[in-house]
Structure formats: structure tokens, C-alpha cells
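The structure under discussion appears below in the form of C-alpha cells.
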Protein chains: 2
Amino acid sequence: MPIKSLIRSIPDYPKKGIMFRDITTLIKDPVGFRLVIDSLTQRYINGKIDYDVIVGIEARGFIMGGALSYTLGKGFAPIRKSGKLPAEVFSQEYALEYGTDRIEIHKDALKPGAKVLIVDDLLATGGTALAAATLVEKLGARVMEMAFIVNLPDVGGEKKLADNGYNIYSLTEFAGA
Amino acid sequence: MPIKSLIRSIPDYPKKGIMFRDITTLIKDPVGFRLVIDSLTQRYINGKIDYDVIVGIEARGFIMGGALSYTLGKGFAPIRKSGKLPAEVFSQEYALEYGTDRIEIHKDALKPGAKVLIVDDLLATGGTALAAATLVEKLGARVMEMAFIVNLPDVGGEKKLADNGYNIYSLTEFAGA
């Protein structure tokens with residue numbers, strides 16, 4: 001499968017035992033990048049998923065999220081790391097392996113009732129995606145689906161998001177951690 | 001001018017005396033976002049600027065950079081904050097008002113001789129853009145132009161980049177700091 005074959009696997013990054021799936025080799029390939037965006041556009045342009053705005057998660061989610069906002073003709077709202085957004089925000093903490101991190105969204109990023117497609121490059125534990133969904137809901141908006149290039153189902157994020165009632169979609173999967 | 005009118009100005013952010021130009025209000029508007037990408041596409045699709053790859057600067061540069069890579073049919077290479085890229089990198093320090101920061105590019109992100117269009121949301125002091133250009137050149141590639149949504153000419157970045165021989169292009173300008 002062309003998308004999967006263009007993703008680079010880096011052993012023991014960021015630490016021993018983790019096989020890092022690196023999408024930079026995919027997106028620097030013009031045909032690979034176009035295939036990613038066209039595949040996602042194809043899914044979301046047919047009217048079966050009802051959504052009206054794209055939310056991208058910093059930072060790699062911005063790359064596909066920006067392109068997808070363009071192809072689908074929707075606005076783009078960023079979810080950023082703590083302290084990066086200039087206006088009033090809602091903030092959500094989530095667990096890392098050791099400690100916690102925090103992401104934020106502008107309070108006026110979404111209208112109440114907005115129907116949101118969340119975009120990120122990779123689904124692993126689902127911690128960031130779940131925190132992003134919580135932020136969307138704090139604004140009174142609804143998460144219609146979450147789209148990823150890569151899903152790592154064995155890490156548990158897919159199950160965690162499904163258990164919380166979210167639909168997920170991914171272009172490719174890798175087994176293992 | 002529609003693009004300028006959709007940019008929000010936030011006084012005293014990130015600190016007293018700075019008027020922050022916030023593009024999130026522009027890009028959450030579907031027509032605004034499309035206008036940004038179409039305007040940049042219009043400039044770079046006509047063959048007058050010779051380039052073959054888009055380099056986006058983390059993080060807001062990823063949003064337009066991703067969309068522009070799609071519309072122009074070029075690959076996308078990210079320049080990221082220190083410690084974010086998984087493979088071997090070149091690293092470049094640049095000055096902040098107090099202290100320094102560091103950005104990085106994968107050593108295999110660009111082929112020697114590649115012709116690069118650098119994309120970011122805003123040109124202020126030009127420190128990050130100049131560091132980004134230095135990274136591109138460390139890989140033996142050439143910076144053909146740097147594109148921004150917003151230029152703040154009074155802050156000095158435009159002059160600094162021009163003095164270093166770089167072409168810049170922006171969609172709109174604001175006077176003052």
C-alpha cells in the first residue's frame with residue numbers, strides 16, 4: 001500500500017522499545033502527500049459524515065488539517081500546546097507516561113452546536129485525541145469523527161476512543177507499539 | 001481588504017506594548033482560509049518563481065504550508081522546534097529578545113540543489129525565518145522565496161531578510177510593532 005510504504009520506521013525513538021512511525025518521508029513525497037489528502041477528502045466529501053469545521057492538533061495535525069480544510073472548503077481551528085494561543089482559552093490536561101501535558105483551544109474557536117472533524121497524524125494511546133475531544137465539547141460543539149494517517153491499534157487508543165463513543169478513521173495501521 | 005479585516009489584533013500579548021496579530025480568526029473562516037491559500041497558489045503556480053518543495057515552519061506555518069503543498073503539487077518538509085524530529089537533524093540557534101531558541105530540519109528532508117519556498121504565518125523580526133533559511137542551505141538547497149500571510153515591516157524582519165539576499169512575499173501588512 002503506497003501510503004504505508006512511504007512511512008519511515010525508526011527503532012528505539014523516542015526511547016528504547018518504541019518503533020516510531022515517521023510521516024515526514026510520506027509528506028515530502030508530492031505523490032504521497034497528495035494521496036493522503038485525496039484519500040481523506042474522498043471520505044469526507046461525500047456527505048455521509050456530517051461536519052462543518054476541521055480541528056487540527058498541534059503540530060503534525062496542522063499539516064494535513066490545513067490541506068483538508070482547503071479541499072473540503074471548511075474553516076480550520078487549531079488545538080495547541082499550553083500557552084500558545086493569544087486569546088481566552090479552555091485548557092485540558094492529559095496523562096503522559098510520566099507526568100501530564102496540557103492542550104488548549106480558543107473559547108471562540110467553535111460555535112455551540114458546531115460539528116467537528118478532528119485531524120491528527122497518528123493515533124497511539126489516544127490521550128491527546130481524547131483531550132482534544134473534551135475541549136471541543138467544552139465549547140458546546142460535537143465531535144463527528146477523528147481522522148488519522150496512522151493507527152497503532154495495539155497501543156490501545158482506538159479502543160479507548162471507541163469506548164468513549166467516538167468514531168475514528170485511519171488510512172493505515174501498524175501492529176505493535 | 002478581506003484578509004486583513006479577518007485578522008484579530010490582541011493588545012499587550014505576549015507582553016505589554018506588543019499588538020499581536022492573530023490569524024486564527026482568519027483561518028476559521030472558510031472563505032478567509034480559501035482566499036489565503038488561493039492568493040498564495042496564484043503567485044506560485046504561474047512559473048515565475050522556480051521552486052520544487054515547500055518548507056513550513058512549526059507550528060502555524062504548517063497550516064498554510066500543508067494546504068499550499070497540496071494545491072501546488074509539491075512535497076512538504078517541516079522545520080520544527082528542537083527535539084521534535086525523530087531522525088538525524090541539522091540544528092540552528094537564533095536570538096530571542098531574552099536568550100535563544102533552536103529549530104531543526106531532517107538531514108534528508110531536502111535533496112542538494114532543491115529549490116525551496118519557505119512558508120510561515122507572520123514576519124516580525126525575521127529571526128526564525130533567517131534561521132530556517134540557514135538550515136535549508138546547510139542541506140545544500142536554495143531558498144527561492146519566503147511567503148507570509150502577515151508582514152510587520154516596522155519590526156525590521158523584511159529589511160533583515162532583504163539585506164541577507166532573500167526574496168519575501170506577504171499577503172498583508174500592519175504598521176507598528
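Please note that chains go A, B, ... in the order of the C-alpha cells, that every chain numbers its residues from 1, and that ligands are numbered from 1 in the order shown.
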**Prompt:** Given a cut-off of 6 Å, which residues of chain B touch chain A, counting only C-alpha atoms, written out as a PyMOL selection string?
**Reply:** chain B and resi 27-30+59+62-63+66-67+73-77
**Request:** Grab the CA of Ala133 in chain A to CA of Ala175 in chain A distance for me, in Å with one decimal place.
**Result:**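 These atoms are spaced 24.9 Å apart.
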**Item:** Residue list (strand (DSSP E), DSSP) for chain A, as a PyMOL selection string
**Value:** chain A and resi 8-11+19-22+53-57+75-81+89-95+100-106+115-123+142-151+168-173
What would the file look like if the residues just selected were written as a PDB file, in the first residue's frame with C-alpha atoms?
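Ended up saving to part.pdb:
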ATOM      1  CA  ARG A   8       9.661   5.535   7.834  1.00  0.00           C
ATOM      2  CA  SER A   9      10.041   3.379  10.952  1.00  0.00           C
ATOM      3  CA  ILE A  10      12.680   4.490  13.464  1.00  0.00           C
ATOM      4  CA  PRO A  11      13.513   1.939  16.170  1.00  0.00           C
ATOM      5  CA  MET A  19       9.130   1.902  16.930  1.00  0.00           C
ATOM      6  CA  PHE A  20       8.446   5.488  15.830  1.00  0.00           C
ATOM      7  CA  ARG A  21       6.321   5.843  12.674  1.00  0.00           C
ATOM      8  CA  ASP A  22       7.664   8.921  10.881  1.00  0.00           C
ATOM      9  CA  VAL A  53     -15.309  22.597  10.687  1.00  0.00           C
ATOM     10  CA  ILE A  54     -11.861  20.977  10.891  1.00  0.00           C
ATOM     11  CA  VAL A  55      -9.931  20.943  14.177  1.00  0.00           C
ATOM     12  CA  GLY A  56      -6.222  20.109  13.875  1.00  0.00           C
ATOM     13  CA  ILE A  57      -3.997  19.067  16.774  1.00  0.00           C
ATOM     14  CA  GLY A  75     -12.718  26.579   8.379  1.00  0.00           C
ATOM     15  CA  PHE A  76      -9.743  25.420  10.461  1.00  0.00           C
ATOM     16  CA  ALA A  77      -9.442  25.703  14.255  1.00  0.00           C
ATOM     17  CA  PRO A  78      -6.151  24.789  15.962  1.00  0.00           C
ATOM     18  CA  ILE A  79      -5.749  22.954  19.260  1.00  0.00           C
ATOM     19  CA  ARG A  80      -2.362  23.994  20.627  1.00  0.00           C
ATOM     20  CA  LYS A  81       0.066  23.210  23.408  1.00  0.00           C
ATOM     21  CA  VAL A  89      -8.816  29.511  26.068  1.00  0.00           C
ATOM     22  CA  PHE A  90     -10.208  26.359  27.563  1.00  0.00           C
ATOM     23  CA  SER A  91      -7.451  24.062  28.741  1.00  0.00           C
ATOM     24  CA  GLN A  92      -7.374  20.281  29.171  1.00  0.00           C
ATOM     25  CA  GLU A  93      -4.783  18.175  30.951  1.00  0.00           C
ATOM     26  CA  TYR A  94      -3.961  14.648  29.831  1.00  0.00           C
ATOM     27  CA  ALA A  95      -1.683  11.905  31.130  1.00  0.00           C
ATOM     28  CA  THR A 100       0.952  15.278  32.378  1.00  0.00           C
ATOM     29  CA  ASP A 101       0.651  17.696  29.480  1.00  0.00           C
ATOM     30  CA  ARG A 102      -1.926  20.292  28.536  1.00  0.00           C
ATOM     31  CA  ILE A 103      -3.620  21.413  25.309  1.00  0.00           C
ATOM     32  CA  GLU A 104      -5.838  24.423  24.675  1.00  0.00           C
ATOM     33  CA  ILE A 105      -8.476  25.808  22.331  1.00  0.00           C
ATOM     34  CA  HIS A 106      -9.722  29.378  21.892  1.00  0.00           C
ATOM     35  CA  LYS A 115     -19.951  19.621  14.065  1.00  0.00           C
ATOM     36  CA  VAL A 116     -16.251  18.882  14.178  1.00  0.00           C
ATOM     37  CA  LEU A 117     -13.829  16.652  12.332  1.00  0.00           C
ATOM     38  CA  ILE A 118     -10.641  16.260  14.432  1.00  0.00           C
ATOM     39  CA  VAL A 119      -7.431  15.584  12.467  1.00  0.00           C
ATOM     40  CA  ASP A 120      -4.042  14.321  13.648  1.00  0.00           C
ATOM     41  CA  ASP A 121      -1.251  12.316  12.088  1.00  0.00           C
ATOM     42  CA  LEU A 122      -1.121   9.315  14.406  1.00  0.00           C
ATOM     43  CA  LEU A 123      -3.308   7.517  16.949  1.00  0.00           C
ATOM     44  CA  ARG A 142     -19.756  17.867  18.753  1.00  0.00           C
ATOM     45  CA  VAL A 143     -17.038  15.512  17.518  1.00  0.00           C
ATOM     46  CA  MET A 144     -18.377  13.738  14.434  1.00  0.00           C
ATOM     47  CA  GLU A 145     -15.217  11.761  13.649  1.00  0.00           C
ATOM     48  CA  MET A 146     -11.459  11.715  14.269  1.00  0.00           C
ATOM     49  CA  ALA A 147      -9.182  11.112  11.268  1.00  0.00           C
ATOM     50  CA  PHE A 148      -5.566   9.917  11.369  1.00  0.00           C
ATOM     51  CA  ILE A 149      -2.991   8.859   8.817  1.00  0.00           C
ATOM     52  CA  VAL A 150      -1.682   6.089  11.069  1.00  0.00           C
ATOM     53  CA  ASN A 151      -3.425   3.954  13.672  1.00  0.00           C
ATOM     54  CA  ILE A 168     -12.265   7.023  14.262  1.00  0.00           C
ATOM     55  CA  TYR A 169     -10.906   6.650  10.737  1.00  0.00           C
ATOM     56  CA  SER A 170      -7.326   5.998   9.633  1.00  0.00           C
ATOM     57  CA  LEU A 171      -5.560   5.453   6.316  1.00  0.00           C
ATOM     58  CA  THR A 172      -3.163   2.775   7.503  1.00  0.00           C
ATOM     59  CA  GLU A 173      -2.232   0.677  10.556  1.00  0.00           C
TER      60      GLU A 173
END
**Item:** Which of range 4-166 of chain B fall in alpha helix (DSSP H), as a PyMOL selection string
**Value:** chain B and resi 4-5+24-27+30-44+60-72+127-138+157-163
Could you take the residues named above and write them with C-alpha atoms, as an mmCIF file, in the first residue's frame?
data_model
loop_
_atom_site.group_PDB
_atom_site.id
_atom_site.type_symbol
_atom_site.label_atom_id
_atom_site.label_comp_id
_atom_site.auth_asym_id
_atom_site.auth_seq_id
_atom_site.Cartn_x
_atom_site.Cartn_y
_atom_site.Cartn_z
ATOM 1 C CA LYS B 4 -6.587 41.888 6.743
ATOM 2 C CA SER B 5 -10.082 42.511 8.109
ATOM 3 C CA THR B 24 -6.905 32.093 13.943
ATOM 4 C CA THR B 25 -9.930 34.291 13.209
ATOM 5 C CA LEU B 26 -8.918 34.368 9.540
ATOM 6 C CA ILE B 27 -8.407 30.650 9.093
ATOM 7 C CA PRO B 30 -13.781 29.035 5.326
ATOM 8 C CA VAL B 31 -13.807 31.876 2.793
ATOM 9 C CA GLY B 32 -10.901 33.610 4.521
ATOM 10 C CA PHE B 33 -8.804 30.470 4.590
ATOM 11 C CA ARG B 34 -9.572 29.694 0.960
ATOM 12 C CA LEU B 35 -8.643 33.247 -0.016
ATOM 13 C CA VAL B 36 -5.263 32.934 1.750
ATOM 14 C CA ILE B 37 -4.423 29.667 0.016
ATOM 15 C CA ASP B 38 -5.768 30.738 -3.371
ATOM 16 C CA SER B 39 -3.808 34.004 -3.226
ATOM 17 C CA LEU B 40 -0.546 32.208 -2.444
ATOM 18 C CA THR B 41 -1.305 29.492 -5.003
ATOM 19 C CA GLN B 42 -1.921 32.164 -7.623
ATOM 20 C CA ARG B 43 1.538 33.614 -7.015
ATOM 21 C CA TYR B 44 3.394 30.309 -7.089
ATOM 22 C CA ARG B 60 1.344 27.954 12.189
ATOM 23 C CA GLY B 61 3.469 27.637 9.048
ATOM 24 C CA PHE B 62 2.313 24.023 8.880
ATOM 25 C CA ILE B 63 -1.323 25.058 8.370
ATOM 26 C CA MET B 64 -0.781 27.090 5.201
ATOM 27 C CA GLY B 65 2.270 25.078 4.177
ATOM 28 C CA GLY B 66 0.249 21.861 4.129
ATOM 29 C CA ALA B 67 -2.543 23.394 2.087
ATOM 30 C CA LEU B 68 -0.090 25.009 -0.314
ATOM 31 C CA SER B 69 1.829 21.773 -0.831
ATOM 32 C CA TYR B 70 -1.460 20.238 -1.882
ATOM 33 C CA THR B 71 -2.584 22.983 -4.250
ATOM 34 C CA LEU B 72 0.855 23.282 -5.853
ATOM 35 C CA GLY B 127 14.950 35.711 13.327
ATOM 36 C CA THR B 128 13.128 32.429 12.795
ATOM 37 C CA ALA B 129 12.925 32.888 9.016
ATOM 38 C CA LEU B 130 16.648 33.587 8.786
ATOM 39 C CA ALA B 131 17.438 30.505 10.886
ATOM 40 C CA ALA B 132 15.125 28.464 8.649
ATOM 41 C CA ALA B 133 16.934 29.704 5.533
ATOM 42 C CA THR B 134 20.266 28.779 7.110
ATOM 43 C CA LEU B 135 19.001 25.233 7.743
ATOM 44 C CA VAL B 136 17.825 24.896 4.133
ATOM 45 C CA GLU B 137 21.258 25.988 2.942
ATOM 46 C CA LYS B 138 23.045 23.564 5.304
ATOM 47 C CA GLY B 157 12.349 41.422 9.530
ATOM 48 C CA GLU B 158 11.680 42.372 5.925
ATOM 49 C CA LYS B 159 14.791 44.551 5.840
ATOM 50 C CA LYS B 160 16.910 41.915 7.617
ATOM 51 C CA LEU B 161 15.906 39.219 5.139
ATOM 52 C CA ALA B 162 16.398 41.524 2.150
ATOM 53 C CA ASP B 163 19.846 42.529 3.465
#
**Request:** For CA of Gly156 in chain B and CA of Leu96 in chain B, quote the distance in Å rounded to one decimal.
**Result:** 14.0 Å
**Request:** To one decimal in Å, tell me the separation between CA of Tyr166 in chain A and CA of Ile18 in chain A.
**Result:**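 For CA of Tyr166 in chain A relative to CA of Ile18 in chain A, the distance reads 26.1 Å.
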